[in-house]
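Undergrad: Below is the file coords-v8.json, which contains JSON, C-alpha atoms and all ligand atoms.
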[["chain", "number", "residue", "atom", "x", "y", "z"],
["W", 1, "MET", "CA", 20.21, 37.00, 31.43],
["W", 2, "LYS", "CA", 23.64, 36.05, 32.63],
["W", 3, "TYR", "CA", 24.91, 37.12, 36.03],
["W", 4, "ASN", "CA", 28.37, 37.79, 37.47],
["W", 5, "ILE", "CA", 29.72, 38.40, 40.94],
["W", 6, "LEU", "CA", 31.04, 41.95, 40.76],
["W", 7, "GLY", "CA", 34.69, 41.23, 41.59],
["W", 8, "GLN", "CA", 35.49, 41.78, 45.24],
["W", 9, "ALA", "CA", 32.04, 43.26, 45.77],
["W", 10, "ASP", "CA", 29.92, 40.31, 46.80],
["W", 11, "LEU", "CA", 27.04, 41.43, 44.59],
["W", 12, "ARG", "CA", 25.41, 39.18, 41.99],
["W", 13, "VAL", "CA", 24.68, 41.50, 39.09],
["W", 14, "SER", "CA", 23.21, 41.06, 35.63],
["W", 15, "GLN", "CA", 25.71, 41.42, 32.79],
["W", 16, "LEU", "CA", 23.54, 44.24, 31.44],
["W", 17, "GLY", "CA", 22.83, 47.14, 33.75],
["W", 18, "PHE", "CA", 20.25, 49.94, 33.63],
["W", 19, "GLY", "CA", 21.78, 53.43, 33.31],
["W", 20, "CYS", "CA", 19.80, 56.15, 35.08],
["W", 21, "GLY", "CA", 22.01, 59.04, 33.93],
["W", 22, "SER", "CA", 21.46, 62.17, 31.92],
["W", 23, "ILE", "CA", 22.68, 60.79, 28.58],
["W", 24, "GLY", "CA", 19.63, 58.58, 27.92],
["W", 25, "GLY", "CA", 17.76, 60.84, 30.35],
["W", 26, "LEU", "CA", 14.68, 58.71, 31.03],
["W", 27, "LEU", "CA", 15.08, 58.60, 34.82],
["W", 28, "VAL", "CA", 16.00, 62.29, 34.85],
["W", 29, "ARG", "CA", 13.57, 63.97, 32.48],
["W", 30, "GLY", "CA", 11.10, 61.23, 31.50],
["W", 31, "GLU", "CA", 7.43, 60.81, 32.37],
["W", 32, "TYR", "CA", 6.93, 58.74, 35.52],
["W", 33, "PRO", "CA", 4.72, 56.03, 33.90],
["W", 34, "THR", "CA", 7.36, 55.52, 31.17],
["W", 35, "MET", "CA", 10.10, 55.19, 33.76],
["W", 36, "ARG", "CA", 8.04, 52.64, 35.68],
["W", 37, "GLN", "CA", 7.35, 50.71, 32.49],
["W", 38, "ALA", "CA", 11.03, 50.68, 31.43],
["W", 39, "VAL", "CA", 12.32, 49.61, 34.86],
["W", 40, "SER", "CA", 9.60, 46.99, 35.17],
["W", 41, "ARG", "CA", 10.47, 45.55, 31.73],
["W", 42, "ALA", "CA", 14.19, 45.57, 32.57],
["W", 43, "ILE", "CA", 13.50, 43.61, 35.77],
["W", 44, "GLU", "CA", 11.28, 41.19, 33.86],
["W", 45, "LEU", "CA", 14.22, 40.58, 31.48],
["W", 46, "GLY", "CA", 16.52, 39.85, 34.42],
["W", 47, "ILE", "CA", 18.35, 43.17, 34.80],
["W", 48, "ASN", "CA", 19.10, 43.77, 38.46],
["W", 49, "TYR", "CA", 21.81, 46.48, 38.46],
["W", 50, "PHE", "CA", 20.72, 50.14, 38.39],
["W", 51, "ASP", "CA", 23.32, 52.91, 38.12],
["W", 52, "THR", "CA", 22.49, 56.40, 39.34],
["W", 53, "ALA", "CA", 24.21, 59.44, 40.89],
["W", 54, "PRO", "CA", 23.29, 62.65, 42.76],
["W", 55, "LEU", "CA", 24.62, 64.55, 39.74],
["W", 56, "TYR", "CA", 22.03, 63.05, 37.39],
["W", 57, "GLY", "CA", 19.32, 65.69, 37.34],
["W", 58, "ASN", "CA", 20.57, 67.16, 40.64],
["W", 59, "GLY", "CA", 19.17, 64.21, 42.65],
["W", 60, "GLN", "CA", 16.12, 63.64, 40.43],
["W", 61, "SER", "CA", 17.39, 60.32, 39.05],
["W", 62, "GLU", "CA", 17.79, 58.93, 42.59],
["W", 63, "VAL", "CA", 14.34, 60.22, 43.61],
["W", 64, "ASN", "CA", 12.73, 58.63, 40.54],
["W", 65, "LEU", "CA", 14.61, 55.35, 40.79],
["W", 66, "GLY", "CA", 13.74, 55.06, 44.50],
["W", 67, "ALA", "CA", 10.06, 55.75, 43.81],
["W", 68, "VAL", "CA", 9.83, 53.25, 40.93],
["W", 69, "MET", "CA", 11.65, 50.51, 42.85],
["W", 70, "ARG", "CA", 9.35, 51.00, 45.85],
["W", 71, "GLU", "CA", 6.25, 50.94, 43.70],
["W", 72, "LEU", "CA", 7.41, 47.77, 41.94],
["W", 73, "ARG", "CA", 8.50, 46.30, 45.30],
["W", 74, "ALA", "CA", 11.77, 45.50, 43.51],
["W", 75, "ASP", "CA", 14.97, 44.73, 45.32],
["W", 76, "GLY", "CA", 17.68, 45.42, 42.76],
["W", 77, "VAL", "CA", 21.33, 46.24, 43.31],
["W", 78, "ILE", "CA", 21.71, 50.03, 43.29],
["W", 79, "GLY", "CA", 24.96, 51.81, 42.58],
["W", 80, "THR", "CA", 25.20, 55.55, 43.15],
["W", 81, "LYS", "CA", 28.07, 58.01, 43.37],
["W", 82, "VAL", "CA", 29.76, 60.89, 45.15],
["W", 83, "ARG", "CA", 31.29, 63.82, 43.31],
["W", 84, "LEU", "CA", 33.64, 65.99, 45.34],
["W", 85, "THR", "CA", 34.08, 69.65, 44.44],
["W", 86, "GLY", "CA", 37.06, 71.95, 44.96],
["W", 87, "LYS", "CA", 35.43, 73.16, 48.23],
["W", 88, "ASP", "CA", 35.69, 69.65, 49.68],
["W", 89, "VAL", "CA", 39.46, 69.40, 49.45],
["W", 90, "ASN", "CA", 39.97, 69.76, 53.23],
["W", 91, "ARG", "CA", 36.79, 67.98, 54.33],
["W", 92, "ILE", "CA", 36.54, 64.91, 52.13],
["W", 93, "GLY", "CA", 35.09, 62.58, 54.77],
["W", 94, "GLU", "CA", 32.39, 65.06, 55.78],
["W", 95, "ALA", "CA", 31.43, 65.76, 52.14],
["W", 96, "ILE", "CA", 31.17, 62.04, 51.36],
["W", 97, "THR", "CA", 29.03, 61.31, 54.41],
["W", 98, "ARG", "CA", 26.70, 64.21, 53.58],
["W", 99, "SER", "CA", 26.39, 63.10, 49.95],
["W", 100, "VAL", "CA", 25.67, 59.47, 50.84],
["W", 101, "GLU", "CA", 23.08, 60.47, 53.45],
["W", 102, "GLY", "CA", 21.36, 62.58, 50.76],
["W", 103, "SER", "CA", 21.40, 59.62, 48.35],
["W", 104, "LEU", "CA", 19.90, 57.31, 50.99],
["W", 105, "ARG", "CA", 17.13, 59.84, 51.63],
["W", 106, "ARG", "CA", 16.34, 60.29, 47.93],
["W", 107, "LEU", "CA", 16.47, 56.57, 47.18],
["W", 108, "GLY", "CA", 14.48, 55.73, 50.32],
["W", 109, "ARG", "CA", 16.99, 53.06, 51.31],
["W", 110, "GLU", "CA", 18.94, 52.28, 54.46],
["W", 111, "THR", "CA", 22.08, 51.18, 52.69],
["W", 112, "ILE", "CA", 23.76, 51.80, 49.32],
["W", 113, "ASP", "CA", 24.87, 48.56, 47.65],
["W", 114, "LEU", "CA", 27.71, 50.20, 45.72],
["W", 115, "ILE", "CA", 28.98, 53.74, 46.30],
["W", 116, "GLN", "CA", 31.37, 55.05, 43.66],
["W", 117, "LEU", "CA", 33.61, 58.07, 43.41],
["W", 118, "HIS", "CA", 32.37, 60.12, 40.43],
["W", 119, "ASN", "CA", 35.51, 62.28, 40.08],
["W", 120, "ARG", "CA", 38.27, 61.68, 37.60],
["W", 121, "ILE", "CA", 41.61, 60.63, 39.10],
["W", 122, "GLY", "CA", 45.09, 62.09, 38.59],
["W", 123, "PHE", "CA", 48.34, 62.18, 40.54],
["W", 124, "SER", "CA", 47.42, 65.35, 42.41],
["W", 125, "TRP", "CA", 44.37, 67.51, 43.04],
["W", 126, "GLN", "CA", 44.58, 71.11, 41.88],
["W", 127, "PRO", "CA", 41.10, 72.42, 42.78],
["W", 128, "GLU", "CA", 41.66, 75.86, 41.26],
["W", 129, "LYS", "CA", 42.72, 74.39, 37.88],
["W", 130, "ASP", "CA", 40.69, 71.21, 37.58],
["W", 131, "PRO", "CA", 38.29, 70.73, 40.54],
["W", 132, "ASP", "CA", 36.90, 67.45, 39.20],
["W", 133, "ARG", "CA", 40.22, 65.57, 39.05],
["W", 134, "ILE", "CA", 41.24, 64.38, 42.50],
["W", 135, "GLY", "CA", 44.73, 63.10, 43.34],
["W", 136, "LEU", "CA", 45.93, 59.70, 44.50],
["W", 137, "PRO", "CA", 46.64, 60.87, 48.10],
["W", 138, "ASP", "CA", 43.04, 62.16, 48.30],
["W", 139, "LEU", "CA", 41.81, 58.80, 47.05],
["W", 140, "ASP", "CA", 43.20, 57.23, 50.22],
["W", 141, "THR", "CA", 41.01, 59.60, 52.26],
["W", 142, "VAL", "CA", 38.01, 58.76, 50.06],
["W", 143, "ILE", "CA", 38.55, 55.05, 50.63],
["W", 144, "GLY", "CA", 38.78, 55.66, 54.40],
["W", 145, "ALA", "CA", 35.45, 57.52, 54.29],
["W", 146, "PHE", "CA", 33.77, 54.71, 52.32],
["W", 147, "GLU", "CA", 35.09, 52.17, 54.83],
["W", 148, "ALA", "CA", 33.64, 54.27, 57.69],
["W", 149, "LEU", "CA", 30.26, 54.29, 55.91],
["W", 150, "ARG", "CA", 30.41, 50.50, 55.64],
["W", 151, "GLN", "CA", 30.98, 50.25, 59.38],
["W", 152, "GLN", "CA", 27.91, 52.46, 59.93],
["W", 153, "GLY", "CA", 25.85, 50.22, 57.63],
["W", 154, "LYS", "CA", 25.30, 53.02, 55.09],
["W", 155, "ALA", "CA", 27.23, 51.42, 52.21],
["W", 156, "ARG", "CA", 28.12, 47.82, 51.43],
["W", 157, "PHE", "CA", 30.80, 48.09, 48.72],
["W", 158, "TRP", "CA", 32.60, 50.92, 46.95],
["W", 159, "GLY", "CA", 34.41, 51.75, 43.76],
["W", 160, "ILE", "CA", 35.85, 54.47, 41.56],
["W", 161, "THR", "CA", 35.28, 55.90, 38.11],
["W", 162, "GLY", "CA", 38.18, 54.92, 35.85],
["W", 163, "LEU", "CA", 38.49, 58.26, 34.08],
["W", 164, "GLY", "CA", 41.38, 60.70, 34.36],
["W", 165, "GLU", "CA", 45.13, 60.17, 33.90],
["W", 166, "SER", "CA", 45.88, 56.68, 32.61],
["W", 167, "ASP", "CA", 49.04, 56.14, 34.70],
["W", 168, "ALA", "CA", 47.38, 57.43, 37.87],
["W", 169, "LEU", "CA", 44.42, 55.11, 37.27],
["W", 170, "ARG", "CA", 46.68, 52.13, 36.77],
["W", 171, "GLU", "CA", 48.45, 52.98, 40.01],
["W", 172, "ALA", "CA", 45.15, 53.41, 41.85],
["W", 173, "VAL", "CA", 43.98, 50.02, 40.64],
["W", 174, "GLY", "CA", 47.31, 48.47, 41.66],
["W", 175, "ARG", "CA", 47.00, 49.91, 45.18],
["W", 176, "GLY", "CA", 43.42, 48.67, 45.57],
["W", 177, "GLY", "CA", 41.25, 49.44, 48.60],
["W", 178, "PHE", "CA", 38.00, 49.37, 46.59],
["W", 179, "GLN", "CA", 35.99, 46.58, 45.01],
["W", 180, "ALA", "CA", 34.80, 47.89, 41.65],
["W", 181, "ILE", "CA", 35.57, 50.36, 38.89],
["W", 182, "GLN", "CA", 33.56, 51.98, 36.09],
["W", 183, "VAL", "CA", 35.56, 51.95, 32.86],
["W", 184, "ALA", "CA", 34.89, 53.52, 29.46],
["W", 185, "TYR", "CA", 35.01, 50.90, 26.72],
["W", 186, "ASN", "CA", 33.69, 51.05, 23.17],
["W", 187, "LEU", "CA", 34.52, 50.44, 19.53],
["W", 188, "LEU", "CA", 35.95, 53.95, 19.12],
["W", 189, "ASN", "CA", 38.28, 53.68, 22.08],
["W", 190, "PRO", "CA", 38.73, 50.10, 23.26],
["W", 191, "SER", "CA", 42.11, 50.84, 24.93],
["W", 192, "THR", "CA", 40.84, 49.83, 28.39],
["W", 193, "GLY", "CA", 40.43, 46.30, 27.06],
["W", 194, "THR", "CA", 42.98, 45.86, 24.31],
["W", 195, "THR", "CA", 46.34, 47.16, 23.12],
["W", 196, "VAL", "CA", 46.11, 50.01, 20.63],
["W", 197, "PRO", "CA", 48.58, 50.71, 17.81],
["W", 198, "PRO", "CA", 51.20, 53.49, 17.91],
["W", 199, "GLY", "CA", 49.60, 56.76, 16.82],
["W", 200, "PHE", "CA", 46.20, 55.78, 18.25],
["W", 201, "PRO", "CA", 44.36, 59.13, 18.18],
["W", 202, "PHE", "CA", 42.68, 59.00, 21.60],
["W", 203, "GLN", "CA", 43.69, 58.52, 25.22],
["W", 204, "ASP", "CA", 45.34, 55.15, 25.74],
["W", 205, "TYR", "CA", 43.98, 53.68, 28.98],
["W", 206, "GLY", "CA", 46.61, 50.93, 28.92],
["W", 207, "GLN", "CA", 44.26, 47.96, 29.31],
["W", 208, "LEU", "CA", 42.82, 49.19, 32.58],
["W", 209, "ILE", "CA", 40.17, 46.45, 32.51],
["W", 210, "ASP", "CA", 42.81, 43.72, 32.46],
["W", 211, "ARG", "CA", 44.67, 45.40, 35.29],
["W", 212, "ALA", "CA", 41.45, 45.69, 37.30],
["W", 213, "ALA", "CA", 40.63, 42.03, 36.63],
["W", 214, "GLN", "CA", 44.10, 40.97, 37.82],
["W", 215, "GLN", "CA", 43.37, 42.80, 41.08],
["W", 216, "GLY", "CA", 40.02, 41.03, 41.41],
["W", 217, "LEU", "CA", 37.98, 44.20, 40.89],
["W", 218, "GLY", "CA", 34.50, 44.21, 39.44],
["W", 219, "VAL", "CA", 34.33, 46.16, 36.17],
["W", 220, "ILE", "CA", 31.29, 48.13, 35.03],
["W", 221, "ALA", "CA", 31.64, 49.24, 31.41],
["W", 222, "ILE", "CA", 30.37, 52.73, 30.60],
["W", 223, "ARG", "CA", 30.10, 54.62, 27.31],
["W", 224, "ILE", "CA", 29.69, 51.35, 25.43],
["W", 225, "LEU", "CA", 27.71, 53.25, 22.76],
["W", 226, "ALA", "CA", 29.92, 56.37, 23.01],
["W", 227, "GLY", "CA", 26.91, 58.17, 24.50],
["W", 228, "GLY", "CA", 24.75, 57.01, 21.56],
["W", 229, "ALA", "CA", 27.19, 57.92, 18.75],
["W", 230, "LEU", "CA", 27.82, 54.23, 18.03],
["W", 231, "SER", "CA", 24.23, 53.86, 16.91],
["W", 232, "GLY", "CA", 25.41, 55.92, 13.91],
["W", 233, "ALA", "CA", 22.55, 58.40, 14.33],
["W", 234, "THR", "CA", 22.76, 62.05, 15.34],
["W", 235, "GLU", "CA", 19.08, 62.38, 16.33],
["W", 236, "ARG", "CA", 18.49, 62.21, 20.07],
["W", 237, "HIS", "CA", 15.41, 61.00, 21.92],
["W", 238, "PRO", "CA", 13.40, 63.97, 23.33],
["W", 239, "VAL", "CA", 14.42, 63.11, 26.94],
["W", 240, "ALA", "CA", 18.05, 62.37, 26.06],
["W", 241, "SER", "CA", 20.87, 64.81, 26.68],
["W", 242, "THR", "CA", 21.27, 67.07, 23.65],
["W", 243, "GLY", "CA", 24.88, 67.96, 24.38],
["W", 244, "VAL", "CA", 26.94, 64.79, 24.82],
["W", 245, "ASN", "CA", 30.54, 65.36, 25.82],
["W", 246, "PRO", "CA", 32.49, 62.49, 24.31],
["W", 247, "ILE", "CA", 34.67, 60.56, 26.77],
["W", 248, "ALA", "CA", 38.05, 59.44, 25.43],
["W", 249, "SER", "CA", 37.10, 59.74, 21.77],
["W", 250, "GLU", "CA", 36.66, 62.74, 19.41],
["W", 251, "GLN", "CA", 36.07, 66.28, 20.69],
["W", 252, "GLU", "CA", 32.53, 66.47, 19.31],
["W", 253, "TYR", "CA", 29.63, 64.01, 19.39],
["W", 254, "SER", "CA", 29.03, 64.54, 15.65],
["W", 255, "ALA", "CA", 32.65, 63.53, 14.94],
["W", 256, "ASP", "CA", 32.10, 60.34, 17.00],
["W", 257, "VAL", "CA", 29.02, 59.60, 14.89],
["W", 258, "GLY", "CA", 31.15, 60.09, 11.75],
["W", 259, "ARG", "CA", 33.75, 57.63, 13.05],
["W", 260, "ALA", "CA", 31.04, 55.16, 14.06],
["W", 261, "ARG", "CA", 29.68, 55.19, 10.52],
["W", 262, "ARG", "CA", 33.01, 53.79, 9.30],
["W", 263, "TYR", "CA", 31.78, 50.51, 10.78],
["W", 264, "ALA", "CA", 28.77, 50.56, 8.44],
["W", 265, "PHE", "CA", 30.46, 47.86, 6.34],
["W", 266, "LEU", "CA", 29.68, 45.37, 9.14],
["W", 267, "VAL", "CA", 25.98, 45.99, 8.52],
["W", 268, "GLU", "CA", 26.36, 46.10, 4.72],
["W", 269, "LYS", "CA", 28.15, 42.73, 4.75],
["W", 270, "GLY", "CA", 25.46, 41.25, 6.99],
["W", 271, "VAL", "CA", 27.84, 40.56, 9.89],
["W", 272, "VAL", "CA", 25.46, 42.43, 12.23],
["W", 273, "SER", "CA", 21.99, 43.85, 11.68],
["W", 274, "ASN", "CA", 22.86, 47.27, 13.12],
["W", 275, "LEU", "CA", 25.84, 49.08, 14.58],
["W", 276, "VAL", "CA", 24.73, 48.63, 18.20],
["W", 277, "GLU", "CA", 24.74, 44.86, 17.68],
["W", 278, "ALA", "CA", 28.39, 45.13, 16.59],
["W", 279, "LEU", "CA", 29.25, 45.57, 20.27],
["W", 280, "TRP", "CA", 28.43, 42.02, 21.06],
["Y", 301, "LIG", "N1", 30.82, 57.00, 36.24],
["Y", 301, "LIG", "C1", 30.68, 57.86, 35.26],
["Y", 301, "LIG", "O1", 31.34, 58.90, 35.23],
["Y", 301, "LIG", "C2", 29.72, 57.56, 34.15],
["Y", 301, "LIG", "C3", 29.90, 58.22, 32.93],
["Y", 301, "LIG", "C4", 29.03, 57.92, 31.89],
["Y", 301, "LIG", "C5", 28.00, 57.01, 32.08],
["Y", 301, "LIG", "N2", 27.84, 56.39, 33.27],
["Y", 301, "LIG", "C6", 26.71, 55.42, 33.46],
["Y", 301, "LIG", "O2", 26.49, 54.72, 32.25],
["Y", 301, "LIG", "C7", 25.12, 54.89, 31.83],
["Y", 301, "LIG", "C8", 25.04, 54.90, 30.32],
["Y", 301, "LIG", "O3", 25.56, 56.14, 29.82],
["Y", 301, "LIG", "P1", 26.72, 56.20, 28.77],
["Y", 301, "LIG", "O4", 27.26, 57.60, 28.78],
["Y", 301, "LIG", "O5", 27.65, 55.06, 29.04],
["Y", 301, "LIG", "O6", 25.95, 56.02, 27.42],
["Y", 301, "LIG", "P2", 26.03, 54.86, 26.32],
["Y", 301, "LIG", "O7", 25.56, 53.58, 26.94],
["Y", 301, "LIG", "O8", 27.35, 54.92, 25.64],
["Y", 301, "LIG", "O9", 24.92, 55.42, 25.30],
["Y", 301, "LIG", "C9", 23.56, 55.53, 25.71],
["Y", 301, "LIG", "C10", 22.85, 56.34, 24.65],
["Y", 301, "LIG", "O10", 22.79, 55.55, 23.47],
["Y", 301, "LIG", "C11", 21.51, 55.72, 22.88],
["Y", 301, "LIG", "N3", 21.16, 54.61, 22.00],
["Y", 301, "LIG", "C12", 20.99, 54.73, 20.66],
["Y", 301, "LIG", "N4", 20.67, 53.55, 20.13],
["Y", 301, "LIG", "C13", 20.61, 52.65, 21.14],
["Y", 301, "LIG", "C14", 20.31, 51.27, 21.19],
["Y", 301, "LIG", "N5", 19.99, 50.56, 20.11],
["Y", 301, "LIG", "N6", 20.35, 50.65, 22.38],
["Y", 301, "LIG", "C15", 20.65, 51.35, 23.50],
["Y", 301, "LIG", "N7", 20.94, 52.70, 23.51],
["Y", 301, "LIG", "C16", 20.92, 53.33, 22.33],
["Y", 301, "LIG", "C17", 20.61, 55.83, 24.08],
["Y", 301, "LIG", "O11", 19.43, 56.44, 23.67],
["Y", 301, "LIG", "P3", 18.02, 56.01, 24.33],
["Y", 301, "LIG", "O12", 18.15, 56.20, 25.80],
["Y", 301, "LIG", "O13", 17.05, 56.93, 23.68],
["Y", 301, "LIG", "O14", 17.83, 54.58, 23.93],
["Y", 301, "LIG", "C18", 21.42, 56.72, 25.02],
["Y", 301, "LIG", "O15", 21.21, 58.09, 24.72],
["Y", 301, "LIG", "C19", 24.65, 56.18, 32.49],
["Y", 301, "LIG", "O16", 23.24, 56.21, 32.65],
["Y", 301, "LIG", "C20", 25.37, 56.10, 33.81],
["Y", 301, "LIG", "O17", 24.63, 55.28, 34.69],
["Y", 301, "LIG", "C21", 28.68, 56.64, 34.31]]
What is this structure when it is put down as structure tokens?
TA:
Amino acid sequence: MKYNILGQADLRVSQLGFGCGSIGGLLVRGEYPTMRQAVSRAIELGINYFDTAPLYGNGQSEVNLGAVMRELRADGVIGTKVRLTGKDVNRIGEAITRSVEGSLRRLGRETIDLIQLHNRIGFSWQPEKDPDRIGLPDLDTVIGAFEALRQQGKARFWGITGLGESDALREAVGRGGFQAIQVAYNLLNPSTGTTVPPGFPFQDYGQLIDRAAQQGLGVIAIRILAGGALSGATERHPVASTGVNPIASEQEYSADVGRARRYAFLVEKGVVSNLVEALW
């Protein structure tokens, strides 16, 4: 396993992380012994970053991850998140503190290594229209709340989710005030990491990864398999999420699978042994 320092977050993390979300679903809906076995094997292989959120199974992912890590006496780097709702618009600091205290309780930890905003980001927050997309001015308040949590010893480093309006995200990254960012990057939409041609059919993130790197931020890639579509298969594991909402690609998961299959020539020509390997 190779390790990196996660940008301005002074955390030494494995290049491959362990996702504890609803898409794969193991830490949310799996059997406890299987979770323990998977986490144990990941640790054995050198994985030390585990990504969870209160939203994953309404706290269940954090509860399960905390229990498995305690049982294994493992001391990995844990990233979790905060998702603000429209009701939090005038009490952001309070909502963040409450959410982080809940995460600490469920994980059974005294401090969160990396706390991340789970909301998408735009120029302004219109709770009645799009409660999930918070605005840049609100992001300043979020950053202030994360900083206060650091002073209280409840969080060590913090970051954002790089989803939302491309220009607002680029501005947020330029302004800084956080140490890491989660960014969608895959073969269907690689625009966070490369220029895309005119007429590119999906959201152009304008090389957000490069911009983040210039600012010294740590980058955590998400959706690298387009939620599983890049495996080229439509079948889902019994504990996996059945309804996958594509991020920054087609409207439907099945359409993403169709697009992924266009890369089948890489397998046919022997360049890679399967589509997932094509990522590397
Ligand atoms: N900040 C955010 O808003 C955000 C958004 C999305 C994801 N995330 C994080 O990223 C993690 C990963 O989720 P994702 O949405 O980015 O999904 P992804 O990595 O793009 O895809 C994961 C899915 O691919 C499937 N898959 C099929 N073949 C595979 C293979 N050969 N190797 C590995 N997986 C294979 C997995 O199934 P099996 O599990 O059955 O192998 C799983 O259902 C989440 O758990 C979460 O921690 C964060």
Undergrad: Would you give me, as a Markdown table, each residue of chain W having an atom within 8 Å of an atom of ligand LIG 301 (chain Y), along with its shortest atom pair and that distance in Å to one decimal, using all atoms listed in the file and sorting by chain and residue number?
TA:
| residue | atom | partner | partner_atom | distance |
| --- | --- | --- | --- | --- |
| W:Phe18 | CA | Y:LIG301 | O17 | 7.0 |
| W:Gly19 | CA | Y:LIG301 | O16 | 3.2 |
| W:Cys20 | CA | Y:LIG301 | O16 | 4.2 |
| W:Gly21 | CA | Y:LIG301 | O16 | 3.3 |
| W:Ser22 | CA | Y:LIG301 | O16 | 6.3 |
| W:Ile23 | CA | Y:LIG301 | O15 | 4.9 |
| W:Gly24 | CA | Y:LIG301 | O12 | 3.5 |
| W:Gly25 | CA | Y:LIG301 | O12 | 6.5 |
| W:Leu26 | CA | Y:LIG301 | O12 | 6.8 |
| W:Phe50 | CA | Y:LIG301 | O17 | 7.4 |
| W:Asp51 | CA | Y:LIG301 | O17 | 4.4 |
| W:Thr52 | CA | Y:LIG301 | O17 | 5.2 |
| W:Ala53 | CA | Y:LIG301 | O17 | 7.5 |
| W:Lys81 | CA | Y:LIG301 | N1 | 7.7 |
| W:Gln116 | CA | Y:LIG301 | N1 | 7.7 |
| W:Leu117 | CA | Y:LIG301 | N1 | 7.8 |
| W:His118 | CA | Y:LIG301 | O1 | 5.4 |
| W:Asn119 | CA | Y:LIG301 | O1 | 7.2 |
| W:Arg120 | CA | Y:LIG301 | O1 | 7.8 |
| W:Ile160 | CA | Y:LIG301 | N1 | 7.7 |
| W:Thr161 | CA | Y:LIG301 | N1 | 5.0 |
| W:Gly162 | CA | Y:LIG301 | N1 | 7.7 |
| W:Leu163 | CA | Y:LIG301 | O1 | 7.3 |
| W:Gln182 | CA | Y:LIG301 | N1 | 5.7 |
| W:Val183 | CA | Y:LIG301 | N1 | 7.7 |
| W:Ala184 | CA | Y:LIG301 | O5 | 7.4 |
| W:Asn186 | CA | Y:LIG301 | O8 | 7.8 |
| W:Ala221 | CA | Y:LIG301 | O5 | 7.4 |
| W:Ile222 | CA | Y:LIG301 | O5 | 3.9 |
| W:Arg223 | CA | Y:LIG301 | O5 | 3.0 |
| W:Ile224 | CA | Y:LIG301 | O8 | 4.3 |
| W:Leu225 | CA | Y:LIG301 | O8 | 3.3 |
| W:Ala226 | CA | Y:LIG301 | O8 | 4.0 |
| W:Gly227 | CA | Y:LIG301 | O8 | 3.5 |
| W:Gly228 | CA | Y:LIG301 | O10 | 3.1 |
| W:Ala229 | CA | Y:LIG301 | O10 | 6.9 |
| W:Leu230 | CA | Y:LIG301 | C12 | 7.3 |
| W:Ser231 | CA | Y:LIG301 | N4 | 4.8 |
| W:Ala233 | CA | Y:LIG301 | C12 | 7.5 |
| W:Arg236 | CA | Y:LIG301 | O13 | 6.6 |
| W:His237 | CA | Y:LIG301 | O13 | 4.7 |
| W:Pro238 | CA | Y:LIG301 | O13 | 7.9 |
| W:Val239 | CA | Y:LIG301 | O13 | 7.5 |
| W:Ala240 | CA | Y:LIG301 | O15 | 5.5 |
| W:Ser241 | CA | Y:LIG301 | O15 | 7.0 |
| W:Val276 | CA | Y:LIG301 | N5 | 5.5 |
| W:Glu277 | CA | Y:LIG301 | N5 | 7.8 |
Undergrad: Using all atoms listed in the file, determine which residues lie at most 12 Å from segment 138-153 of chain W, disregarding the query and same-chain residues fewer than 2 positions distant; provide the list as an MDAnalysis selection string.
TA: chainID W and resid 81:84 86 88:101 104 109:127 133:136 155:161 168:169 171:173 175:179
Undergrad: For a quick check of understanding, using only C-alpha atoms, which of W:Gly17, W:Gly232, W:Gly218, W:Pro246 has the smallest distance to Ile5 of chain W?
TA: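 Residue with the minimum atom-to-atom distance to Ile5 of chain W: W:Gly218.
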Undergrad: At a cut-off of 12 Å, using all atoms listed in the file, what residues contact Glu250 of chain W? Leave out same-chain residues fewer than 6 positions from it and give the result as a VMD selection string.
TA: chain W and resid 188 to 189 200 to 203 226 to 227 229 244 256 to 260
Undergrad: Excluding same-chain residues fewer than 4 positions from Pro54 of chain W, what lies within 8 Å of it counting only C-alpha atoms, as a list in words?
TA: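 Near neighbours after the sequence-gap exclusion: Asn58, Gly59, Gln60, Ser61, Glu62, Thr80, Lys81, Val82, Ser99 and Ser103 of chain W.
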Undergrad: For the atom pair atom CA of Ala255 of chain W and atom CA of Glu268 of chain W, what is the interatomic distance in Å to one decimal place?
TA: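 So the two atoms, atom CA of Ala255 of chain W and atom CA of Glu268 of chain W, lie 21.2 Å apart.
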